[in-house]
Amino acid sequence: MFDRTLETLAPDALRAHQWRRFRAMASELLASNPFIARKWRGAGLASVEELRGWEDFGRIPLMRKSELAADQAAHPPFGSNLTYPLERYVRVHQTSGTSGAPLRWLDTQESWEWWARCWGLVLRGAGVGPADRVFFPFSFGLFIGFWAGFEGARALGALAIPGGGQDSPTRLAWMEALGATVLVCTPSYALHLVEVARERGVDLRRLSVRTTVHAGEPGAGIPAVRARIEEAWNARTFDHGGMTEMGAYGYECAEQAGLHVNESEFILEVLDPATGRATTDGELVLTNLGRVGSPVVRYRTGDHVRLARAACGCGRTFRRLEGGILGRLDDMLIVRGVNVFPAAIEGVVRRFSAIEEFQIEVFKDGELDEVRVLVELGDAAGLPRLQEALRATLGIRLEVAAVPARSLPRFDLKARRVVRR
Ligand SMILES: [Zn+2]
């Protein structure tokens with residue numbers, strides 16, 4: 001473990017630890033963070049003295065990404081969710097802009113170190129240690145993505161190898177030359193490298209990579225995607241949960257039984273998105289405790305999760321999200337009355353090893369969503385089998401169509417495989 005004391009705290013001690021940190025942070029935010037002070041006072045919370053215990057935590061209003069975007073538009077370029085004067089901040093990053101305009105986010109020296117520690121838990125959970133050489137095929141631009149992972153590798157004492165500014169064949173060559181043992185990237189990019197290796201006649205199994213760690217997409221939590229990456233790389237594949245505005249909050253352990261939420265640094269809630277009541281299957285709502293300079297408190301992530309009941313065999317007491325992130329709540333499609341998550345379609349498509357890439361076309365048939373799944377499949381004879389597998393899993397018949405090899409887009413970072421026509 002990265003921090004055995006914290007990762008195995010008894011539930012009561014963990015709650016007490018969270019409350020102490022939250023109370024101290026809340027006092028600072030009310031005093032000097034204009035965005036939070038305005039929001040909380042607007043909800044009737046005037047003083048930190050009113051936060052006497054967990055029963056008062058529910059009084060704190062939920063936070064949404066749209067509010068942060070509106071605040072940044074009103075107070076450019078960084079918004080007013082800042083607790084300190086600008087000179088205290090040392091890094092700026094932004095979200096990938098998967099949905100809407102990118103959010104900018106500032107970090108202080110302290111919160112940048114905090115990021116590194118959070119990623120230390122992620123990498124340690126995947127069994128990475130000081131002897132490892134961790135390769136990051138990442139552009140190292142404004143997107144925070146694997147910048148923080150890079151810092152995490154350093155915090156752990158591993159050798160961090162930057163793979164920016166290179167094309168995929170060069171990255172493969174450097175991984176081999178430098179003896180990389182760990183690959184950190186999106187699941188889509190790990191699969192893309194498999195294709196590139198095959199085209200170039202590179203045998204990935206000859207490389208020393210034994211662990212892959214993924215983020216940025218739900219892919220690594222989907223069993224068929226994981227199996228495909230593990231088989232091609234001859235490695236064990238680990239999922240991780242994180243967001244630019246939140247931090248690296250979730251990680252897998254050797255049991256690979258869902259994502260542990262790092263509850264020493266984040267307060268975990270799962271709420272019914274319609275009623276806001278606590279539940280075990282609903283929207284992930286998180287509060288970070290280590291980023292006082294640019295905090296998110298009771299933040300609606302829009303991610304659909306399910307809490308695991310049983311304790312984990314690894315001995316960590318942090319709760320787990322079963323199956324990782326199950327999908328984006330706003331990505332859910334309703335096809336002929338049936339709820340369909342794109343991640344569930346991916347889970348079926350990835351079982352077919354002949355399919356390199358796919359796309360989900362969504363179009364309106366009157367008022368209803370209709371879906372067509374395009375797959376790169378040389379032999380159309382496989383289509384009926386795919387259609388039957390989709391029907392058996394999703395309970396609905398979807399149209400499938402074959403398209404030529406390499407005709408669909410490839411992705412370095414977050415894949416966008418759902419296309420609305
Ligand atoms: Zn565990």
# chains A, B, ... in the order shown; residues from 1 in each chain; ligands from 1
>>> residues_near_ligand(ligand="ligand 1", cutoff="12 Å", atoms="only C-alpha atoms and all ligand atoms", output="PyMOL selection string")
chain A and resi 1+7-8+121-122+124-127+250-262+308+310-322
>>> write_last_selection(atoms="N, CA, C and O atoms", output="short mmCIF file (atom, residue, chain, number, x, y, z; two decimals), in the first residue's frame")
data_model
loop_
_atom_site.label_atom_id
_atom_site.label_comp_id
_atom_site.auth_asym_id
_atom_site.auth_seq_id
_atom_site.Cartn_x
_atom_site.Cartn_y
_atom_site.Cartn_z
N MET A 1 0.84 -1.20 0.00
CA MET A 1 0.00 0.00 0.00
C MET A 1 0.88 1.25 0.00
O MET A 1 2.03 1.21 0.41
N GLU A 7 -5.00 3.85 4.52
CA GLU A 7 -5.79 2.96 3.66
C GLU A 7 -6.52 1.86 4.44
O GLU A 7 -7.38 1.19 3.88
N THR A 8 -6.13 1.68 5.70
CA THR A 8 -6.80 0.64 6.49
C THR A 8 -7.49 1.22 7.74
O THR A 8 -7.83 0.49 8.66
N LEU A 121 -1.18 6.43 -4.71
CA LEU A 121 -2.09 5.35 -4.32
C LEU A 121 -2.55 4.55 -5.53
O LEU A 121 -2.68 3.34 -5.48
N VAL A 122 -2.81 5.28 -6.63
CA VAL A 122 -3.28 4.62 -7.86
C VAL A 122 -2.22 3.63 -8.36
O VAL A 122 -2.50 2.46 -8.64
N ARG A 124 0.52 2.48 -6.80
CA ARG A 124 0.86 1.45 -5.81
C ARG A 124 -0.22 0.37 -5.80
O ARG A 124 0.08 -0.81 -5.66
N GLY A 125 -1.49 0.79 -5.93
CA GLY A 125 -2.61 -0.17 -5.99
C GLY A 125 -2.42 -1.16 -7.13
O GLY A 125 -2.80 -2.33 -7.03
N ALA A 126 -1.81 -0.68 -8.22
CA ALA A 126 -1.57 -1.53 -9.39
C ALA A 126 -0.26 -2.31 -9.24
O ALA A 126 0.18 -2.97 -10.19
N GLY A 127 0.37 -2.20 -8.08
CA GLY A 127 1.58 -2.98 -7.82
C GLY A 127 2.86 -2.33 -8.33
O GLY A 127 3.91 -2.95 -8.36
N GLY A 250 -9.99 7.48 -7.53
CA GLY A 250 -10.32 6.05 -7.47
C GLY A 250 -9.22 5.18 -8.03
O GLY A 250 -8.53 5.57 -8.95
N TYR A 251 -9.04 4.02 -7.43
CA TYR A 251 -7.98 3.12 -7.91
C TYR A 251 -8.32 1.68 -7.62
O TYR A 251 -9.11 1.37 -6.74
N GLU A 252 -7.68 0.81 -8.38
CA GLU A 252 -7.87 -0.62 -8.18
C GLU A 252 -6.73 -1.19 -7.34
O GLU A 252 -5.62 -0.66 -7.36
N CYS A 253 -7.02 -2.30 -6.67
CA CYS A 253 -5.98 -3.02 -5.94
C CYS A 253 -5.76 -4.35 -6.65
O CYS A 253 -6.37 -4.61 -7.68
N ALA A 254 -4.92 -5.20 -6.08
CA ALA A 254 -4.61 -6.48 -6.72
C ALA A 254 -5.84 -7.38 -6.85
O ALA A 254 -5.90 -8.25 -7.71
N GLU A 255 -6.85 -7.15 -6.00
CA GLU A 255 -8.08 -7.95 -6.09
C GLU A 255 -8.88 -7.60 -7.35
O GLU A 255 -9.73 -8.37 -7.77
N GLN A 256 -8.67 -6.43 -7.88
CA GLN A 256 -9.38 -5.93 -9.07
C GLN A 256 -10.88 -6.12 -8.93
O GLN A 256 -11.54 -6.69 -9.80
N ALA A 257 -11.39 -5.65 -7.80
CA ALA A 257 -12.82 -5.82 -7.51
C ALA A 257 -13.50 -4.45 -7.49
O ALA A 257 -14.17 -4.10 -6.54
N GLY A 258 -13.30 -3.68 -8.53
CA GLY A 258 -13.89 -2.34 -8.59
C GLY A 258 -12.88 -1.28 -8.16
O GLY A 258 -11.75 -1.58 -7.81
N LEU A 259 -13.33 -0.02 -8.18
CA LEU A 259 -12.45 1.10 -7.82
C LEU A 259 -12.60 1.42 -6.34
O LEU A 259 -13.70 1.74 -5.89
N HIS A 260 -11.50 1.37 -5.58
CA HIS A 260 -11.51 1.92 -4.23
C HIS A 260 -11.55 3.44 -4.36
O HIS A 260 -10.80 4.01 -5.17
N VAL A 261 -12.38 4.10 -3.56
CA VAL A 261 -12.32 5.57 -3.53
C VAL A 261 -11.36 5.97 -2.41
O VAL A 261 -11.48 5.47 -1.28
N ASN A 262 -10.43 6.82 -2.72
CA ASN A 262 -9.45 7.28 -1.73
C ASN A 262 -10.16 8.18 -0.71
O ASN A 262 -10.19 9.39 -0.84
N ALA A 308 -20.10 -1.25 -3.74
CA ALA A 308 -19.96 -2.65 -3.36
C ALA A 308 -20.29 -2.77 -1.87
O ALA A 308 -20.03 -1.86 -1.10
N ALA A 310 -19.50 -5.75 0.21
CA ALA A 310 -18.54 -6.52 1.02
C ALA A 310 -17.21 -5.79 1.17
O ALA A 310 -16.87 -4.93 0.35
N ALA A 311 -16.47 -6.11 2.22
CA ALA A 311 -15.12 -5.58 2.40
C ALA A 311 -14.22 -6.20 1.35
O ALA A 311 -14.48 -7.29 0.87
N CYS A 312 -13.14 -5.49 1.00
CA CYS A 312 -12.23 -5.99 -0.04
C CYS A 312 -11.18 -6.91 0.58
O CYS A 312 -10.70 -6.67 1.69
N GLY A 313 -10.81 -7.93 -0.17
CA GLY A 313 -9.82 -8.91 0.29
C GLY A 313 -8.43 -8.33 0.50
O GLY A 313 -7.59 -8.94 1.15
N CYS A 314 -8.19 -7.11 -0.02
CA CYS A 314 -6.84 -6.54 0.08
C CYS A 314 -6.59 -5.93 1.46
O CYS A 314 -5.45 -5.60 1.79
N GLY A 315 -7.64 -5.74 2.25
CA GLY A 315 -7.47 -5.17 3.58
C GLY A 315 -7.71 -3.67 3.64
O GLY A 315 -7.78 -3.08 4.72
N ARG A 316 -7.82 -3.02 2.49
CA ARG A 316 -8.13 -1.58 2.53
C ARG A 316 -9.57 -1.40 2.99
O ARG A 316 -10.43 -2.20 2.64
N THR A 317 -9.80 -0.32 3.73
CA THR A 317 -11.16 -0.08 4.21
C THR A 317 -11.91 0.92 3.33
O THR A 317 -13.10 1.12 3.52
N PHE A 318 -11.22 1.55 2.40
CA PHE A 318 -11.89 2.49 1.49
C PHE A 318 -12.96 1.74 0.70
O PHE A 318 -12.70 0.65 0.17
N ARG A 319 -14.14 2.35 0.59
CA ARG A 319 -15.24 1.68 -0.13
C ARG A 319 -14.94 1.58 -1.62
O ARG A 319 -14.10 2.30 -2.15
N ARG A 320 -15.65 0.66 -2.27
CA ARG A 320 -15.39 0.38 -3.69
C ARG A 320 -16.60 0.66 -4.56
O ARG A 320 -17.75 0.48 -4.14
N LEU A 321 -16.34 1.08 -5.78
CA LEU A 321 -17.37 1.24 -6.81
C LEU A 321 -17.30 -0.01 -7.67
O LEU A 321 -16.30 -0.26 -8.35
N GLU A 322 -18.37 -0.79 -7.61
CA GLU A 322 -18.39 -2.08 -8.30
C GLU A 322 -18.39 -1.89 -9.81
O GLU A 322 -19.24 -1.16 -10.33
#
>>> closest_atom_pairs(of="region 262-380 of chain A", to="region 72-83 of chain A", cutoff="7 Å", atoms="only C-alpha atoms", output="JSON lines")
{"residue": "A:Val292", "atom": "CA", "partner": "A:Thr83", "partner_atom": "CA", "distance": 6.9}
{"residue": "A:Gly293", "atom": "CA", "partner": "A:Thr83", "partner_atom": "CA", "distance": 4.8}
{"residue": "A:Ser294", "atom": "CA", "partner": "A:Leu82", "partner_atom": "CA", "distance": 5.2}
>>> atom_distance(atom1="CA of Thr393 (chain A)", atom2="CA of Val270 (chain A)")
25.6 Å
>>> closest_residue(among="A:Ser168, A:Asn339, A:Ser111, A:Thr287", to="Glu370 (chain A)", atoms="only C-alpha atoms")
A:Asn339
>>> closest_atom_pairs(of="region 291-360 of chain A", to="region 190-198 of chain A", cutoff="12 Å", atoms="only C-alpha atoms", output="Markdown table")
| residue | atom | partner | partner_atom | distance |
| --- | --- | --- | --- | --- |
| A:Arg350 | CA | A:Leu191 | CA | 10.7 |
| A:Ser353 | CA | A:Leu191 | CA | 11.3 |
| A:Ala354 | CA | A:Glu195 | CA | 11.6 |
| A:Ile355 | CA | A:Glu195 | CA | 11.1 |
| A:Glu356 | CA | A:Glu195 | CA | 7.8 |
| A:Glu357 | CA | A:His192 | CA | 9.1 |
>>> atom_distance(atom1="CA of Ala131 (chain A)", atom2="CA of Ala153 (chain A)")
10.8 Å
>>> select_by_dssp(residues="region 214-245 of chain A", states="helix (DSSP H, G or I)", output="list of chain:residue names")
A:Pro218, A:Gly219, A:Ala220, A:Gly221, A:Pro223, A:Ala224, A:Val225, A:Arg226, A:Ala227, A:Arg228, A:Ile229, A:Glu230, A:Glu231, A:Ala232, A:Trp233
>>> residues_around(residues="region 411-419 of chain A", least_positions_apart="4", cutoff="8 Å", atoms="only C-alpha atoms", output="PyMOL selection string")
chain A and resi 96+98+138+185-186+188-189+192+216-217+342+358-362
>>> closest_residue(among="A:Pro295, A:Gly164, A:Gly366, A:Gly395", to="Met246 (chain A)", atoms="only C-alpha atoms")
A:Pro295
>>> atom_distance(atom1="CA of Gln18 (chain A)", atom2="CA of Val213 (chain A)")
27.4 Å
>>> residues_around(residues="Leu329 (chain A)", least_positions_apart="3", cutoff="10 Å", atoms="only C-alpha atoms", output="PyMOL selection string")
chain A and resi 273+282-284+301-305+326+332-333+341
